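Chemist: Below: one structure in C-alpha cells.
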Amino acid sequence: MKFTLTLILTCTIVLAGIVNAESAPFHIGVMTGTVSQSEDDLRGAEVMIERYGDTSHGGMITHVTYPDNFSSEQETTISQLLGLADDPLMKVIVVNQAVPGTAEAFRRIRERRNDILLIAGSPHEDPGVISEIADISVDPDNIARGYTIPLGAKKMGAKTFVHISFPRHMSYETLGLRRVIMEKVCEDLGIKFVFETAPDPIGDVGMAGAQQFILENVPVWIEKYGKDAEFFCTNDGQTEPLIRQVANLGGYFVVAASPSPLMGYPGALGIDLSEEKGNWPAILKKIEDAVIKAGGGGRMGTWAYSWGYSASAALIEYGKRYVEGTVSQKLGTLKALQEMRDVFSEFSPGAKWGASYYVDAGTGMKNNRFILLNQDIYIFGKGYLGLAEVEIPEKYLHAKVK
C-alpha cells in the first residue's frame, strides 16, 4: 500500500511537471555571468524567473551562466548558448553581458534556427561584429557617457580626470572611443586628463593582484594629482578598492564603468544589504548614508539602478513583448527607441534615461540594431545631476580612436 501510494504521488508529480512544462507558450533563454563575475546581471535574470517561472517547472525562463574566465573559455560560452537553442520552444535568447564568443554562438544558432530573437546586452565584441548577427544589441551609451562623466566631474569641482585601464579594454571599440571623447571633453572643459595603466585582472596577477595595485597606487595618484582629481576605472573588480581609497583619502568618483549602487560601495564601505536585497530605493538610501558618513557626500556618485540588473530584466521583458507583438517589430525608428527606454524605465522608477542608436564614428552610419542608453547620475548627498538627456555636441559624436 505504501509502495502504491508512493508510485501514485510520483506519477502525479511527473504528470504535473509535463502539464506545467507545456503551460508557457514559448521559452526565453538567458545567459549572464556568475555572482562573482557580474552579480547584478544575474540578479536581474533572477527577478524575471520569479516573475515568469523557470522552464524546469513549467515557466518561461531558462538561465545559464558563462565561465568566469570567459576570454579563454569561449567554447564553453558557445556550447551553453547552443544548448539553449536546442529547446524547440525557445523563441528569445538574451546574453548579458555578451562576452567574446557570443557572436559566433549566435551565428551557429542562426544557421539552425531563424525563429529565435537574439539579443546582446553589453557586447564585448565590436558593434559591427555583434550587430551583424544579433537582432538587437543594447549597451550603456559610452559615447554619451564620454561626455557626461567629465561634465559631471566638472560640475562637482574636479580639476583633473584620472582614467585607469589596460590594453585589452582599450582595444574594445566603444571603450576606446569613450576614452578619446573623455579626453577631448576634458580639454574643452579645462580639466587635465591623465591615463594610468593598471594590470588586467585576467592576466598573470589575477583579480587579487589587480585590486592590490589599485589599493597601493591611489594614495600615490592623490599625492600626485591632488584631492580635486576625479578617478574612473574601466574594470568592475578594481572599482571596490578605488572607491575605498577615494572615500578615505579624498578625490572624486562620479560613477562606475558598470554603474550601480552595488558596484564597489558595499564592499568598500562594509555595508550589509541583506535586508534591502532587491529594493533599489532602500539600497540607494543605505549606501548614501554610509558614503556621507565616510565623508564622500557631494563627491561620489552612481546610477540609482544597476545597469546590469536593469539590462537583464528589461531585455528579457522586451524579448517577451517582441514575440507577443506588443512592441514595434521595426527597429531603427523613434518609436522602437522609446519602447526600449520605456521597458528600462519600468525597472528603474524615478530615474531618467536617454536613448539613441549607435552611429559608427568612421562612416557616420546609424546602426538600427544597436541601441545605447544612459541613466542620469546620482550624487550621494546632492541628488541627480540632470545629465541623462543632455544634448551631446556634434563634434564628439564624430571622434575617432587614435
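Every chain in the C-alpha cells takes a letter, A first, then B, and so on in the order presented; its residues are numbered from 1, and the ligands are numbered from 1 following the presented order.
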Mind dumping a table of every region 165-185 of chain A residue within 12 Å of region 256-277 of chain A, with the nearest atom pair and its distance in Å to one decimal, using only C-alpha atoms, sorted by chain and rising number, as a tab-separated table?
Modeler:
```
residue	atom	partner	partner_atom	distance
A:Ser165	CA	A:Ala257	CA	10.6
A:His169	CA	A:Ala257	CA	11.4
A:Leu175	CA	A:Ala257	CA	9.7
A:Arg178	CA	A:Ala257	CA	10.8
A:Arg179	CA	A:Ala257	CA	11.5
```
Chemist: Would you output that residue set with C-alpha atoms, as a PDB file, in the first residue's frame?
Modeler:
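Printed below is selection21.pdb as written:
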```
ATOM      1  CA  SER A 165      42.512  50.996 -17.659  1.00  0.00           C
ATOM      2  CA  HIS A 169      39.755  47.179 -22.573  1.00  0.00           C
ATOM      3  CA  LEU A 175      35.593  51.747 -24.578  1.00  0.00           C
ATOM      4  CA  ARG A 178      34.774  56.711 -24.839  1.00  0.00           C
ATOM      5  CA  ARG A 179      38.307  57.344 -23.617  1.00  0.00           C
TER       6      ARG A 179
END
```
Chemist: Tell me which protein, DNA and RNA residues are within 9 Å of Ile377 (chain A), counting only C-alpha atoms, leaving out same-chain ones fewer than 6 positions away, and put them as a PyMOL selection string.
Modeler: chain A and resi 148-149+152+254-255+259+301-304+351+383-388
Chemist: Identify which of the residues A:Val194, A:Val291, A:Ile283, A:Ala399 lies closest to Ile379 (chain A), counting only C-alpha atoms when measuring atom-to-atom distances.
Modeler: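 Looking at the shortest contact to Ile379 (chain A), the residue is A:Val291.
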Chemist: Pick from A:Lys224, A:Arg299, A:Arg113, A:Arg321: nearest to Ala158 (chain A), with only C-alpha atoms counted?
Modeler: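 So, comparing all the options, the nearest one is A:Arg299.
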Chemist: Could you find all residues in region 28-124 of chain A that DSSP calls alpha helix (DSSP H) from the backbone, and write them as a ChimeraX atom specification?
Modeler: /A:35-52,74-85,102-112
Chemist: Could those selected residues go to a file with C-alpha atoms, as a CSV table (one decimal), in the first residue's frame?
Modeler:
```csv
chain,number,residue,atom,x,y,z
A,35,VAL,CA,27.7,36.0,-8.8
A,36,SER,CA,31.5,36.5,-8.6
A,37,GLN,CA,31.8,37.9,-12.1
A,38,SER,CA,28.7,40.1,-12.6
A,39,GLU,CA,26.2,39.7,-9.7
A,40,ASP,CA,23.8,42.5,-10.9
A,41,ASP,CA,23.4,40.9,-14.3
A,42,LEU,CA,22.5,37.6,-12.6
A,43,ARG,CA,20.1,39.2,-10.1
A,44,GLY,CA,18.1,40.8,-13.0
A,45,ALA,CA,17.6,37.4,-14.5
A,46,GLU,CA,16.5,36.0,-11.2
A,47,VAL,CA,13.8,38.7,-10.9
A,48,MET,CA,12.4,37.7,-14.2
A,49,ILE,CA,12.5,34.0,-13.3
A,50,GLU,CA,10.4,34.9,-10.2
A,51,ARG,CA,8.0,36.8,-12.5
A,52,TYR,CA,7.6,34.2,-15.3
A,74,GLN,CA,34.8,30.8,-25.4
A,75,GLU,CA,33.9,27.3,-26.5
A,76,THR,CA,32.1,26.8,-23.2
A,77,THR,CA,30.1,30.0,-23.7
A,78,ILE,CA,29.2,28.9,-27.3
A,79,SER,CA,28.2,25.4,-26.1
A,80,GLN,CA,25.9,26.8,-23.4
A,81,LEU,CA,24.2,29.1,-25.9
A,82,LEU,CA,23.8,26.3,-28.5
A,83,GLY,CA,22.2,24.2,-25.7
A,84,LEU,CA,19.5,26.9,-25.2
A,85,ALA,CA,18.7,26.8,-28.9
A,102,THR,CA,28.6,35.4,-28.3
A,103,ALA,CA,28.7,36.5,-31.9
A,104,GLU,CA,30.0,33.1,-33.0
A,105,ALA,CA,27.4,31.3,-30.9
A,106,PHE,CA,24.6,33.5,-32.4
A,107,ARG,CA,26.0,32.7,-35.9
A,108,ARG,CA,25.7,29.0,-35.3
A,109,ILE,CA,22.3,29.3,-33.8
A,110,ARG,CA,21.1,31.3,-36.8
A,111,GLU,CA,22.3,28.6,-39.1
A,112,ARG,CA,19.9,26.2,-37.4
```
Chemist: Taking the DSSP assignment computed from this structure's backbone, write out as JSON, numbers by chain all residues of region 174-240 of chain A that belong to strand (DSSP E).
Modeler: {"A": [192, 193, 194, 195, 196, 197, 229, 230, 231, 232, 233]}
Chemist: Using C-alpha atoms, can you export the residues from the last selection as a PDB file, in the first residue's frame?
Modeler:
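Resulting contents of out_15.pdb:
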```
ATOM      1  CA  LYS A 192      43.584  67.942 -17.047  1.00  0.00           C
ATOM      2  CA  PHE A 193      43.198  64.419 -18.461  1.00  0.00           C
ATOM      3  CA  VAL A 194      45.676  61.689 -17.479  1.00  0.00           C
ATOM      4  CA  PHE A 195      45.763  57.976 -18.299  1.00  0.00           C
ATOM      5  CA  GLU A 196      47.052  55.466 -15.766  1.00  0.00           C
ATOM      6  CA  THR A 197      47.658  51.848 -16.779  1.00  0.00           C
ATOM      7  CA  ALA A 229      41.035  64.720  -9.069  1.00  0.00           C
ATOM      8  CA  GLU A 230      38.243  62.525 -10.432  1.00  0.00           C
ATOM      9  CA  PHE A 231      39.041  58.794 -10.692  1.00  0.00           C
ATOM     10  CA  PHE A 232      37.456  56.494 -13.264  1.00  0.00           C
ATOM     11  CA  CYS A 233      38.430  52.877 -13.952  1.00  0.00           C
TER      12      CYS A 233
END
```
Chemist: Counting only C-alpha atoms, which of A:Val94, A:Met170, A:Ala198, A:Ile191 gets nearest to Lys155 (chain A)?
Modeler: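 Under the stated criterion, the closest residue is A:Ile191.
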Chemist: Which of these residues is nearest to Gly29 (chain A), using only C-alpha atoms: A:Ser137, A:Gln245, A:Ser312, A:Gln212?
Modeler: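 Comparing A:Ser137, A:Gln245, A:Ser312, A:Gln212 against Gly29 (chain A), the winner is A:Ser312.
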Chemist: What is the distance, in Å and to one decimal place, between CA of Thr174 (chain A) and CA of Leu242 (chain A)?
Modeler: 22.5 Å
